[in-house]
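A.B. asks: Supplied in structure tokens, the structure appears directly below.
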Amino acid sequence: MPLDLNSDLGEGFGPWQMGDDAAMLDIVTSANIACGFHAGDPSIMRRTCELAVEKGVRIGAHVGYRDLAGFGRREITMDPAELRDEVLYQIGSLGAFAKAAGDRVRYVKPHGALYHSASRERRFADAVLAAMVDYDPELALLGPAGSELAHAAEAAKVRFVGEGFADRAYTPAGTLAKRGLPGAVLDTDAAVAQAVSIAMSGCARTVDGSGEVAVQAASLCVHGDTPAAVEMARLIRTALDEVGVPVEPFV
């Protein structure tokens, strides 16, 4: 089965840059572009959309909590209706730049703390889906299989795409290990091995070494802020080619 390769991009702010987006866009098939709440600004959003269109990479809205100082990795307690409106605002903002670049937003992927809170709690998942349906019911949702995001997408009749992570370790419960834990962020060799394992057998080793956990994924993520992210993504794509897994966008 074909596998999509995605990355979180456009995560600079003003003169400050994170990662090499241009190089990553030569490798991945889908770009989760920051929408200004956890990272990114209008000029970066425009530039990243233009590069994505130029290179034939699909554009996704990487929506998060309004938390520039914490890079969207701090959970914020908020009313689901307010969350719906903030997600809609972000999708619409990126949609304007995608349109100006000659394409459109094709999917949504929550970022950081919102990814985790909406995966656990249905009320937040429903808020994300409500924003997506308000903007465009044809949008796809990228997230962890079996999560509340997946259940909410099914209820809203929105296409859901399961995501796996090449560069992050998993707990025995199937969730991502917290970044502060030893071994939570994988090095290049481990990430390549995990990408191939997810692609070929649908499983990944657990961070504690106790065994394996199922990972149902039609798309694999390599974080743009991971050390040596570009080389990691390039080696992952090469490894997938070598085992006969086509790398193609899911939308």
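Every chain in the structure tokens takes a letter, A first, then B, and so on in the order presented; its residues are numbered from 1, and the ligands are numbered from 1 following the presented order.
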Based on the backbone DSSP call, show me all residues of stretch 16-234 of chain A assigned strand (DSSP E), as a PDB file with N, CA and C atoms, in the first residue's frame.
C.D. replies:
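Contents of selection05.pdb, as written:
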ATOM      1  N   SER A  30       3.400  15.584   1.862  1.00  0.00           N
ATOM      2  CA  SER A  30       2.389  16.444   2.494  1.00  0.00           C
ATOM      3  C   SER A  30       3.075  17.365   3.500  1.00  0.00           C
ATOM      4  N   ALA A  31       2.641  18.622   3.542  1.00  0.00           N
ATOM      5  CA  ALA A  31       3.222  19.621   4.440  1.00  0.00           C
ATOM      6  C   ALA A  31       2.168  20.121   5.415  1.00  0.00           C
ATOM      7  N   ASN A  32       2.406  19.886   6.700  1.00  0.00           N
ATOM      8  CA  ASN A  32       1.539  20.419   7.751  1.00  0.00           C
ATOM      9  C   ASN A  32       2.057  21.808   8.084  1.00  0.00           C
ATOM     10  N   ILE A  33       1.393  22.832   7.596  1.00  0.00           N
ATOM     11  CA  ILE A  33       1.922  24.193   7.685  1.00  0.00           C
ATOM     12  C   ILE A  33       1.313  24.927   8.873  1.00  0.00           C
ATOM     13  N   ALA A  34       2.194  25.448   9.742  1.00  0.00           N
ATOM     14  CA  ALA A  34       1.760  26.194  10.922  1.00  0.00           C
ATOM     15  C   ALA A  34       0.930  27.393  10.506  1.00  0.00           C
ATOM     16  N   ARG A  58       1.262  18.422  -1.029  1.00  0.00           N
ATOM     17  CA  ARG A  58      -0.075  18.759  -0.546  1.00  0.00           C
ATOM     18  C   ARG A  58       0.000  19.668   0.691  1.00  0.00           C
ATOM     19  N   ILE A  59      -0.947  20.595   0.776  1.00  0.00           N
ATOM     20  CA  ILE A  59      -0.976  21.566   1.873  1.00  0.00           C
ATOM     21  C   ILE A  59      -1.991  21.143   2.925  1.00  0.00           C
ATOM     22  N   GLY A  60      -1.533  21.061   4.182  1.00  0.00           N
ATOM     23  CA  GLY A  60      -2.417  20.778   5.308  1.00  0.00           C
ATOM     24  C   GLY A  60      -2.305  21.865   6.356  1.00  0.00           C
ATOM     25  N   ALA A  61      -3.401  22.153   7.051  1.00  0.00           N
ATOM     26  CA  ALA A  61      -3.407  23.164   8.110  1.00  0.00           C
ATOM     27  C   ALA A  61      -2.984  22.514   9.421  1.00  0.00           C
ATOM     28  N   HIS A  62      -1.870  22.989   9.958  1.00  0.00           N
ATOM     29  CA  HIS A  62      -1.346  22.466  11.234  1.00  0.00           C
ATOM     30  C   HIS A  62      -1.826  23.402  12.333  1.00  0.00           C
ATOM     31  N   VAL A  63      -2.991  23.082  12.885  1.00  0.00           N
ATOM     32  CA  VAL A  63      -3.678  23.976  13.815  1.00  0.00           C
ATOM     33  C   VAL A  63      -3.301  23.643  15.258  1.00  0.00           C
ATOM     34  N   VAL A 105      -6.118  24.211   0.867  1.00  0.00           N
ATOM     35  CA  VAL A 105      -5.890  23.343   2.024  1.00  0.00           C
ATOM     36  C   VAL A 105      -6.663  22.045   1.803  1.00  0.00           C
ATOM     37  N   ARG A 106      -5.975  20.930   1.924  1.00  0.00           N
ATOM     38  CA  ARG A 106      -6.593  19.639   1.638  1.00  0.00           C
ATOM     39  C   ARG A 106      -6.878  18.812   2.883  1.00  0.00           C
ATOM     40  N   TYR A 107      -6.204  19.122   3.984  1.00  0.00           N
ATOM     41  CA  TYR A 107      -6.409  18.341   5.206  1.00  0.00           C
ATOM     42  C   TYR A 107      -6.017  19.173   6.420  1.00  0.00           C
ATOM     43  N   VAL A 108      -6.332  18.646   7.584  1.00  0.00           N
ATOM     44  CA  VAL A 108      -6.008  19.300   8.859  1.00  0.00           C
ATOM     45  C   VAL A 108      -5.281  18.302   9.749  1.00  0.00           C
ATOM     46  N   LYS A 109      -4.248  18.783  10.433  1.00  0.00           N
ATOM     47  CA  LYS A 109      -3.574  17.981  11.457  1.00  0.00           C
ATOM     48  C   LYS A 109      -3.373  18.862  12.686  1.00  0.00           C
ATOM     49  N   PRO A 110      -3.958  18.511  13.828  1.00  0.00           N
ATOM     50  CA  PRO A 110      -3.692  19.277  15.046  1.00  0.00           C
ATOM     51  C   PRO A 110      -2.220  19.166  15.445  1.00  0.00           C
ATOM     52  N   ALA A 140      -9.702  16.345   4.762  1.00  0.00           N
ATOM     53  CA  ALA A 140      -9.372  15.113   5.487  1.00  0.00           C
ATOM     54  C   ALA A 140      -8.743  15.491   6.826  1.00  0.00           C
ATOM     55  N   LEU A 141      -8.800  14.570   7.774  1.00  0.00           N
ATOM     56  CA  LEU A 141      -8.203  14.780   9.088  1.00  0.00           C
ATOM     57  C   LEU A 141      -7.081  13.774   9.295  1.00  0.00           C
ATOM     58  N   LEU A 142      -5.917  14.253   9.686  1.00  0.00           N
ATOM     59  CA  LEU A 142      -4.755  13.409   9.943  1.00  0.00           C
ATOM     60  C   LEU A 142      -4.543  13.313  11.448  1.00  0.00           C
ATOM     61  N   GLY A 143      -4.483  12.078  11.965  1.00  0.00           N
ATOM     62  CA  GLY A 143      -4.320  11.897  13.404  1.00  0.00           C
ATOM     63  C   GLY A 143      -4.110  10.439  13.757  1.00  0.00           C
ATOM     64  N   PHE A 160     -10.851  10.218   7.522  1.00  0.00           N
ATOM     65  CA  PHE A 160      -9.796  10.180   8.535  1.00  0.00           C
ATOM     66  C   PHE A 160      -8.620   9.379   7.996  1.00  0.00           C
ATOM     67  N   VAL A 161      -7.413   9.889   8.235  1.00  0.00           N
ATOM     68  CA  VAL A 161      -6.188   9.228   7.794  1.00  0.00           C
ATOM     69  C   VAL A 161      -5.312   8.975   9.012  1.00  0.00           C
ATOM     70  N   GLY A 162      -5.023   7.705   9.286  1.00  0.00           N
ATOM     71  CA  GLY A 162      -4.180   7.360  10.424  1.00  0.00           C
ATOM     72  C   GLY A 162      -2.739   7.778  10.201  1.00  0.00           C
ATOM     73  N   GLU A 163      -2.122   8.292  11.274  1.00  0.00           N
ATOM     74  CA  GLU A 163      -0.751   8.787  11.194  1.00  0.00           C
ATOM     75  C   GLU A 163       0.163   8.033  12.146  1.00  0.00           C
ATOM     76  N   GLY A 164       1.354   7.724  11.665  1.00  0.00           N
ATOM     77  CA  GLY A 164       2.401   7.172  12.504  1.00  0.00           C
ATOM     78  C   GLY A 164       3.570   8.134  12.548  1.00  0.00           C
ATOM     79  N   PHE A 165       4.443   7.954  13.528  1.00  0.00           N
ATOM     80  CA  PHE A 165       5.597   8.838  13.686  1.00  0.00           C
ATOM     81  C   PHE A 165       6.884   8.044  13.535  1.00  0.00           C
ATOM     82  N   CYS A 203       3.675  -1.945  13.069  1.00  0.00           N
ATOM     83  CA  CYS A 203       4.017  -1.949  14.491  1.00  0.00           C
ATOM     84  C   CYS A 203       5.309  -1.181  14.732  1.00  0.00           C
ATOM     85  N   ALA A 204       5.513  -0.784  15.996  1.00  0.00           N
ATOM     86  CA  ALA A 204       6.718  -0.072  16.407  1.00  0.00           C
ATOM     87  C   ALA A 204       7.155  -0.587  17.772  1.00  0.00           C
ATOM     88  N   ARG A 205       8.456  -0.541  18.025  1.00  0.00           N
ATOM     89  CA  ARG A 205       8.978  -0.927  19.333  1.00  0.00           C
ATOM     90  C   ARG A 205       8.562   0.100  20.384  1.00  0.00           C
ATOM     91  N   GLU A 212       6.258  -4.598  21.255  1.00  0.00           N
ATOM     92  CA  GLU A 212       5.816  -3.799  20.126  1.00  0.00           C
ATOM     93  C   GLU A 212       4.382  -3.346  20.316  1.00  0.00           C
ATOM     94  N   VAL A 213       4.015  -2.270  19.631  1.00  0.00           N
ATOM     95  CA  VAL A 213       2.668  -1.735  19.699  1.00  0.00           C
ATOM     96  C   VAL A 213       2.180  -1.520  18.269  1.00  0.00           C
ATOM     97  N   ALA A 214       0.885  -1.750  18.042  1.00  0.00           N
ATOM     98  CA  ALA A 214       0.322  -1.575  16.699  1.00  0.00           C
ATOM     99  C   ALA A 214       0.228  -0.092  16.353  1.00  0.00           C
ATOM    100  N   SER A 219       0.046   7.529   6.728  1.00  0.00           N
ATOM    101  CA  SER A 219       0.973   8.645   6.592  1.00  0.00           C
ATOM    102  C   SER A 219       1.980   8.585   7.731  1.00  0.00           C
ATOM    103  N   LEU A 220       3.239   8.865   7.425  1.00  0.00           N
ATOM    104  CA  LEU A 220       4.301   8.897   8.422  1.00  0.00           C
ATOM    105  C   LEU A 220       4.814  10.324   8.579  1.00  0.00           C
ATOM    106  N   CYS A 221       5.040  10.724   9.814  1.00  0.00           N
ATOM    107  CA  CYS A 221       5.527  12.075  10.103  1.00  0.00           C
ATOM    108  C   CYS A 221       7.004  12.056  10.480  1.00  0.00           C
TER     109      CYS A 221
END
A.B. asks: Within 12 Å of A:Arg237, counting only C-alpha atoms, which residues show up once you throw out same-chain ones fewer than 4 positions away? Write them as number ranges by chain, please.
C.D. replies: A: 2-6, 24, 26-29, 166, 191-193, 195-196, 199, 220-222, 230-233, 241-248
A.B. asks: Check the smallest atom-to-atom distance from each of A:Ala218, A:Ala228, A:Leu94, A:Leu235 to A:Pro249 using only C-alpha atoms, then report the winner.
C.D. replies: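 Closest to A:Pro249, using only C-alpha atoms: A:Ala218.
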A.B. asks: Just the residues within 12 Å of A:Arg47, please, counting only C-alpha atoms, with nothing from its chain fewer than 4 positions along; format it as a list in words.
C.D. replies: Leu9, Gly10, Glu11, Gly12, Asp21, Ala22, Ile33, Ala34, Gly40, Asp41, Pro42, Ser43, Leu51, Ala52, Val53, Glu54, Leu94, Phe97, Ala98, Ala100 and Ala101 of chain A
A.B. asks: How would the residues just chosen look if you wrote them out with C-alpha atoms as a PDB file, in the first residue's frame?
C.D. replies:
ATOM      1  CA  LEU A   9       6.712  23.010   8.336  1.00  0.00           C
ATOM      2  CA  GLY A  10       6.503  26.805   8.336  1.00  0.00           C
ATOM      3  CA  GLU A  11       7.299  26.856  12.044  1.00  0.00           C
ATOM      4  CA  GLY A  12       9.539  29.883  12.130  1.00  0.00           C
ATOM      5  CA  ASP A  21      11.592  23.770   4.826  1.00  0.00           C
ATOM      6  CA  ALA A  22      12.749  24.063   1.218  1.00  0.00           C
ATOM      7  CA  ILE A  33       1.922  24.193   7.685  1.00  0.00           C
ATOM      8  CA  ALA A  34       1.760  26.194  10.922  1.00  0.00           C
ATOM      9  CA  GLY A  40       4.435  30.828  11.713  1.00  0.00           C
ATOM     10  CA  ASP A  41       3.394  34.267  10.552  1.00  0.00           C
ATOM     11  CA  PRO A  42       1.676  35.569   7.394  1.00  0.00           C
ATOM     12  CA  SER A  43       4.860  35.906   5.345  1.00  0.00           C
ATOM     13  CA  LEU A  51       7.119  26.334  -2.103  1.00  0.00           C
ATOM     14  CA  ALA A  52       4.719  23.457  -1.488  1.00  0.00           C
ATOM     15  CA  VAL A  53       2.765  24.210  -4.673  1.00  0.00           C
ATOM     16  CA  GLU A  54       5.976  24.617  -6.669  1.00  0.00           C
ATOM     17  CA  LEU A  94      -3.842  29.248   5.670  1.00  0.00           C
ATOM     18  CA  PHE A  97      -2.354  31.761   1.260  1.00  0.00           C
ATOM     19  CA  ALA A  98      -2.887  28.344  -0.310  1.00  0.00           C
ATOM     20  CA  ALA A 100      -2.967  32.753  -3.537  1.00  0.00           C
ATOM     21  CA  ALA A 101      -0.306  30.128  -4.307  1.00  0.00           C
TER      22      ALA A 101
END
A.B. asks: Name the residues of stretch 127-246 of chain A that fall into alpha helix (DSSP H) according to DSSP on the backbone, using the chain letters and numbers of this document, as a PDB file with N, CA and C atoms, in the first residue's frame.
C.D. replies:
ATOM      1  N   ALA A 127     -14.886  19.648  18.409  1.00  0.00           N
ATOM      2  CA  ALA A 127     -14.663  21.065  18.086  1.00  0.00           C
ATOM      3  C   ALA A 127     -13.791  21.199  16.847  1.00  0.00           C
ATOM      4  N   VAL A 128     -12.737  20.375  16.762  1.00  0.00           N
ATOM      5  CA  VAL A 128     -11.874  20.394  15.585  1.00  0.00           C
ATOM      6  C   VAL A 128     -12.669  20.013  14.340  1.00  0.00           C
ATOM      7  N   LEU A 129     -13.470  18.963  14.449  1.00  0.00           N
ATOM      8  CA  LEU A 129     -14.260  18.511  13.292  1.00  0.00           C
ATOM      9  C   LEU A 129     -15.307  19.544  12.893  1.00  0.00           C
ATOM     10  N   ALA A 130     -15.917  20.216  13.870  1.00  0.00           N
ATOM     11  CA  ALA A 130     -16.912  21.238  13.550  1.00  0.00           C
ATOM     12  C   ALA A 130     -16.289  22.359  12.732  1.00  0.00           C
ATOM     13  N   ALA A 131     -15.067  22.764  13.091  1.00  0.00           N
ATOM     14  CA  ALA A 131     -14.376  23.804  12.331  1.00  0.00           C
ATOM     15  C   ALA A 131     -14.077  23.333  10.917  1.00  0.00           C
ATOM     16  N   MET A 132     -13.649  22.091  10.789  1.00  0.00           N
ATOM     17  CA  MET A 132     -13.339  21.558   9.468  1.00  0.00           C
ATOM     18  C   MET A 132     -14.570  21.525   8.571  1.00  0.00           C
ATOM     19  N   VAL A 133     -15.679  21.052   9.113  1.00  0.00           N
ATOM     20  CA  VAL A 133     -16.913  20.968   8.322  1.00  0.00           C
ATOM     21  C   VAL A 133     -17.412  22.360   7.954  1.00  0.00           C
ATOM     22  N   ASP A 134     -17.286  23.315   8.879  1.00  0.00           N
ATOM     23  CA  ASP A 134     -17.676  24.691   8.568  1.00  0.00           C
ATOM     24  C   ASP A 134     -16.869  25.237   7.395  1.00  0.00           C
ATOM     25  N   TYR A 135     -15.583  24.915   7.356  1.00  0.00           N
ATOM     26  CA  TYR A 135     -14.719  25.457   6.298  1.00  0.00           C
ATOM     27  C   TYR A 135     -14.895  24.692   4.989  1.00  0.00           C
ATOM     28  N   GLU A 148     -10.039   9.595  19.740  1.00  0.00           N
ATOM     29  CA  GLU A 148     -11.296  10.334  19.685  1.00  0.00           C
ATOM     30  C   GLU A 148     -11.380  11.187  18.421  1.00  0.00           C
ATOM     31  N   LEU A 149     -10.251  11.603  17.903  1.00  0.00           N
ATOM     32  CA  LEU A 149     -10.267  12.310  16.623  1.00  0.00           C
ATOM     33  C   LEU A 149     -10.807  11.414  15.517  1.00  0.00           C
ATOM     34  N   ALA A 150     -10.394  10.157  15.529  1.00  0.00           N
ATOM     35  CA  ALA A 150     -10.890   9.216  14.521  1.00  0.00           C
ATOM     36  C   ALA A 150     -12.389   8.985  14.684  1.00  0.00           C
ATOM     37  N   HIS A 151     -12.843   8.834  15.932  1.00  0.00           N
ATOM     38  CA  HIS A 151     -14.271   8.608  16.178  1.00  0.00           C
ATOM     39  C   HIS A 151     -15.099   9.829  15.786  1.00  0.00           C
ATOM     40  N   ALA A 152     -14.596  11.020  16.100  1.00  0.00           N
ATOM     41  CA  ALA A 152     -15.320  12.246  15.753  1.00  0.00           C
ATOM     42  C   ALA A 152     -15.390  12.421  14.234  1.00  0.00           C
ATOM     43  N   ALA A 153     -14.318  12.072  13.541  1.00  0.00           N
ATOM     44  CA  ALA A 153     -14.323  12.182  12.083  1.00  0.00           C
ATOM     45  C   ALA A 153     -15.359  11.238  11.474  1.00  0.00           C
ATOM     46  N   GLU A 154     -15.447  10.035  12.007  1.00  0.00           N
ATOM     47  CA  GLU A 154     -16.440   9.082  11.505  1.00  0.00           C
ATOM     48  C   GLU A 154     -17.851   9.628  11.690  1.00  0.00           C
ATOM     49  N   ALA A 155     -18.103  10.200  12.879  1.00  0.00           N
ATOM     50  CA  ALA A 155     -19.431  10.741  13.159  1.00  0.00           C
ATOM     51  C   ALA A 155     -19.761  11.922  12.247  1.00  0.00           C
ATOM     52  N   ALA A 156     -18.748  12.707  11.906  1.00  0.00           N
ATOM     53  CA  ALA A 156     -18.958  13.889  11.062  1.00  0.00           C
ATOM     54  C   ALA A 156     -18.888  13.566   9.574  1.00  0.00           C
ATOM     55  N   THR A 188      18.478   9.015  13.877  1.00  0.00           N
ATOM     56  CA  THR A 188      18.195   8.730  12.476  1.00  0.00           C
ATOM     57  C   THR A 188      18.059   7.237  12.193  1.00  0.00           C
ATOM     58  N   ASP A 189      19.007   6.438  12.673  1.00  0.00           N
ATOM     59  CA  ASP A 189      18.957   4.996  12.404  1.00  0.00           C
ATOM     60  C   ASP A 189      17.686   4.370  12.957  1.00  0.00           C
ATOM     61  N   ALA A 190      17.330   4.756  14.184  1.00  0.00           N
ATOM     62  CA  ALA A 190      16.130   4.201  14.815  1.00  0.00           C
ATOM     63  C   ALA A 190      14.874   4.664  14.087  1.00  0.00           C
ATOM     64  N   ALA A 191      14.876   5.895  13.622  1.00  0.00           N
ATOM     65  CA  ALA A 191      13.707   6.425  12.908  1.00  0.00           C
ATOM     66  C   ALA A 191      13.499   5.706  11.582  1.00  0.00           C
ATOM     67  N   VAL A 192      14.584   5.455  10.870  1.00  0.00           N
ATOM     68  CA  VAL A 192      14.476   4.728   9.603  1.00  0.00           C
ATOM     69  C   VAL A 192      13.928   3.328   9.847  1.00  0.00           C
ATOM     70  N   ALA A 193      14.462   2.650  10.866  1.00  0.00           N
ATOM     71  CA  ALA A 193      13.989   1.296  11.186  1.00  0.00           C
ATOM     72  C   ALA A 193      12.520   1.312  11.576  1.00  0.00           C
ATOM     73  N   GLN A 194      12.112   2.324  12.364  1.00  0.00           N
ATOM     74  CA  GLN A 194      10.713   2.395  12.793  1.00  0.00           C
ATOM     75  C   GLN A 194       9.795   2.692  11.611  1.00  0.00           C
ATOM     76  N   ALA A 195      10.219   3.544  10.709  1.00  0.00           N
ATOM     77  CA  ALA A 195       9.404   3.851   9.527  1.00  0.00           C
ATOM     78  C   ALA A 195       9.156   2.593   8.708  1.00  0.00           C
ATOM     79  N   VAL A 196      10.185   1.808   8.493  1.00  0.00           N
ATOM     80  CA  VAL A 196      10.041   0.584   7.713  1.00  0.00           C
ATOM     81  C   VAL A 196       9.152  -0.416   8.448  1.00  0.00           C
ATOM     82  N   SER A 197       9.305  -0.512   9.766  1.00  0.00           N
ATOM     83  CA  SER A 197       8.493  -1.432  10.559  1.00  0.00           C
ATOM     84  C   SER A 197       7.014  -1.066  10.497  1.00  0.00           C
ATOM     85  N   ILE A 198       6.712   0.216  10.627  1.00  0.00           N
ATOM     86  CA  ILE A 198       5.317   0.658  10.541  1.00  0.00           C
ATOM     87  C   ILE A 198       4.764   0.390   9.154  1.00  0.00           C
ATOM     88  N   ALA A 199       5.570   0.673   8.125  1.00  0.00           N
ATOM     89  CA  ALA A 199       5.109   0.486   6.751  1.00  0.00           C
ATOM     90  C   ALA A 199       4.872  -0.976   6.412  1.00  0.00           C
ATOM     91  N   MET A 200       5.743  -1.851   6.896  1.00  0.00           N
ATOM     92  CA  MET A 200       5.696  -3.251   6.483  1.00  0.00           C
ATOM     93  C   MET A 200       4.855  -4.136   7.397  1.00  0.00           C
ATOM     94  N   SER A 201       4.872  -3.843   8.706  1.00  0.00           N
ATOM     95  CA  SER A 201       4.170  -4.728   9.646  1.00  0.00           C
ATOM     96  C   SER A 201       3.167  -4.022  10.533  1.00  0.00           C
ATOM     97  N   ALA A 229      16.694  16.528  10.544  1.00  0.00           N
ATOM     98  CA  ALA A 229      15.400  16.103  10.015  1.00  0.00           C
ATOM     99  C   ALA A 229      15.440  15.840   8.514  1.00  0.00           C
ATOM    100  N   VAL A 230      16.131  16.680   7.771  1.00  0.00           N
ATOM    101  CA  VAL A 230      16.147  16.516   6.318  1.00  0.00           C
ATOM    102  C   VAL A 230      16.841  15.217   5.928  1.00  0.00           C
ATOM    103  N   GLU A 231      17.994  14.957   6.507  1.00  0.00           N
ATOM    104  CA  GLU A 231      18.703  13.717   6.205  1.00  0.00           C
ATOM    105  C   GLU A 231      17.889  12.507   6.656  1.00  0.00           C
ATOM    106  N   MET A 232      17.229  12.628   7.802  1.00  0.00           N
ATOM    107  CA  MET A 232      16.385  11.544   8.291  1.00  0.00           C
ATOM    108  C   MET A 232      15.262  11.252   7.298  1.00  0.00           C
ATOM    109  N   ALA A 233      14.580  12.301   6.841  1.00  0.00           N
ATOM    110  CA  ALA A 233      13.486  12.103   5.895  1.00  0.00           C
ATOM    111  C   ALA A 233      13.983  11.506   4.591  1.00  0.00           C
ATOM    112  N   ARG A 234      15.144  11.957   4.143  1.00  0.00           N
ATOM    113  CA  ARG A 234      15.701  11.431   2.889  1.00  0.00           C
ATOM    114  C   ARG A 234      16.016   9.938   3.020  1.00  0.00           C
ATOM    115  N   LEU A 235      16.604   9.547   4.136  1.00  0.00           N
ATOM    116  CA  LEU A 235      16.943   8.135   4.341  1.00  0.00           C
ATOM    117  C   LEU A 235      15.682   7.283   4.507  1.00  0.00           C
ATOM    118  N   ILE A 236      14.659   7.847   5.148  1.00  0.00           N
ATOM    119  CA  ILE A 236      13.400   7.118   5.292  1.00  0.00           C
ATOM    120  C   ILE A 236      12.771   6.881   3.930  1.00  0.00           C
ATOM    121  N   ARG A 237      12.756   7.911   3.110  1.00  0.00           N
ATOM    122  CA  ARG A 237      12.156   7.743   1.778  1.00  0.00           C
ATOM    123  C   ARG A 237      12.938   6.708   0.961  1.00  0.00           C
ATOM    124  N   THR A 238      14.254   6.743   1.048  1.00  0.00           N
ATOM    125  CA  THR A 238      15.074   5.764   0.341  1.00  0.00           C
ATOM    126  C   THR A 238      14.786   4.351   0.852  1.00  0.00           C
ATOM    127  N   ALA A 239      14.677   4.207   2.171  1.00  0.00           N
ATOM    128  CA  ALA A 239      14.414   2.893   2.754  1.00  0.00           C
ATOM    129  C   ALA A 239      13.049   2.361   2.330  1.00  0.00           C
ATOM    130  N   LEU A 240      12.058   3.233   2.270  1.00  0.00           N
ATOM    131  CA  LEU A 240      10.729   2.798   1.828  1.00  0.00           C
ATOM    132  C   LEU A 240      10.755   2.369   0.368  1.00  0.00           C
ATOM    133  N   ASP A 241      11.492   3.111  -0.443  1.00  0.00           N
ATOM    134  CA  ASP A 241      11.641   2.716  -1.851  1.00  0.00           C
ATOM    135  C   ASP A 241      12.285   1.337  -1.952  1.00  0.00           C
ATOM    136  N   GLU A 242      13.292   1.093  -1.131  1.00  0.00           N
ATOM    137  CA  GLU A 242      14.024  -0.172  -1.187  1.00  0.00           C
ATOM    138  C   GLU A 242      13.168  -1.380  -0.805  1.00  0.00           C
TER     139      GLU A 242
END
A.B. asks: Enter the distance from atom CA of A:Pro137 to atom CA of A:Val158, in Å, rounded to one decimal.
C.D. replies: 6.6 Å
A.B. asks: Show which residues sit within 9 Å of stretch 74-80 of chain A, as a VMD selection string. Count only C-alpha atoms, and ignore same-chain residues fewer than 6 positions away.
C.D. replies: chain A and resid 65 to 67 112 to 114 116 to 117 123 to 128
A.B. asks: Since we have the selection now, will you write its residues out, keeping C-alpha atoms, as a tab-separated table (two decimals), in the first residue's frame?
C.D. replies:
chain	number	residue	atom	x	y	z
A	65	TYR	CA	-3.49	26.26	20.68
A	66	ARG	CA	-2.69	29.99	20.66
A	67	ASP	CA	0.66	29.55	22.39
A	112	GLY	CA	1.29	19.44	19.88
A	113	ALA	CA	-0.93	19.70	22.94
A	114	LEU	CA	-4.08	20.02	20.82
A	116	HIS	CA	-3.05	14.99	22.32
A	117	SER	CA	-6.04	16.62	24.03
A	123	ARG	CA	-15.51	17.33	23.09
A	124	PHE	CA	-12.25	18.77	21.77
A	125	ALA	CA	-12.19	16.35	18.86
A	126	ASP	CA	-15.73	17.40	17.96
A	127	ALA	CA	-14.66	21.06	18.09
A	128	VAL	CA	-11.87	20.39	15.59
A.B. asks: How many Å lie between atom CA of A:Pro182 and atom CA of A:Pro227, rounded to one decimal?
C.D. replies: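 Rounded to one decimal, the two atoms are 15.5 Å apart.
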A.B. asks: Between A:Cys49, A:Ala23, A:Ala145, A:Ile44, which has the minimum distance to A:Ser119 (counting only C-alpha atoms)?
C.D. replies: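 Nearest to A:Ser119: A:Ala145.
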A.B. asks: Check the smallest atom-to-atom distance from each of A:Pro172, A:Gly70, A:Thr226, A:Met45 to A:Val207 using only C-alpha atoms, then report the winner.
C.D. replies: A:Pro172
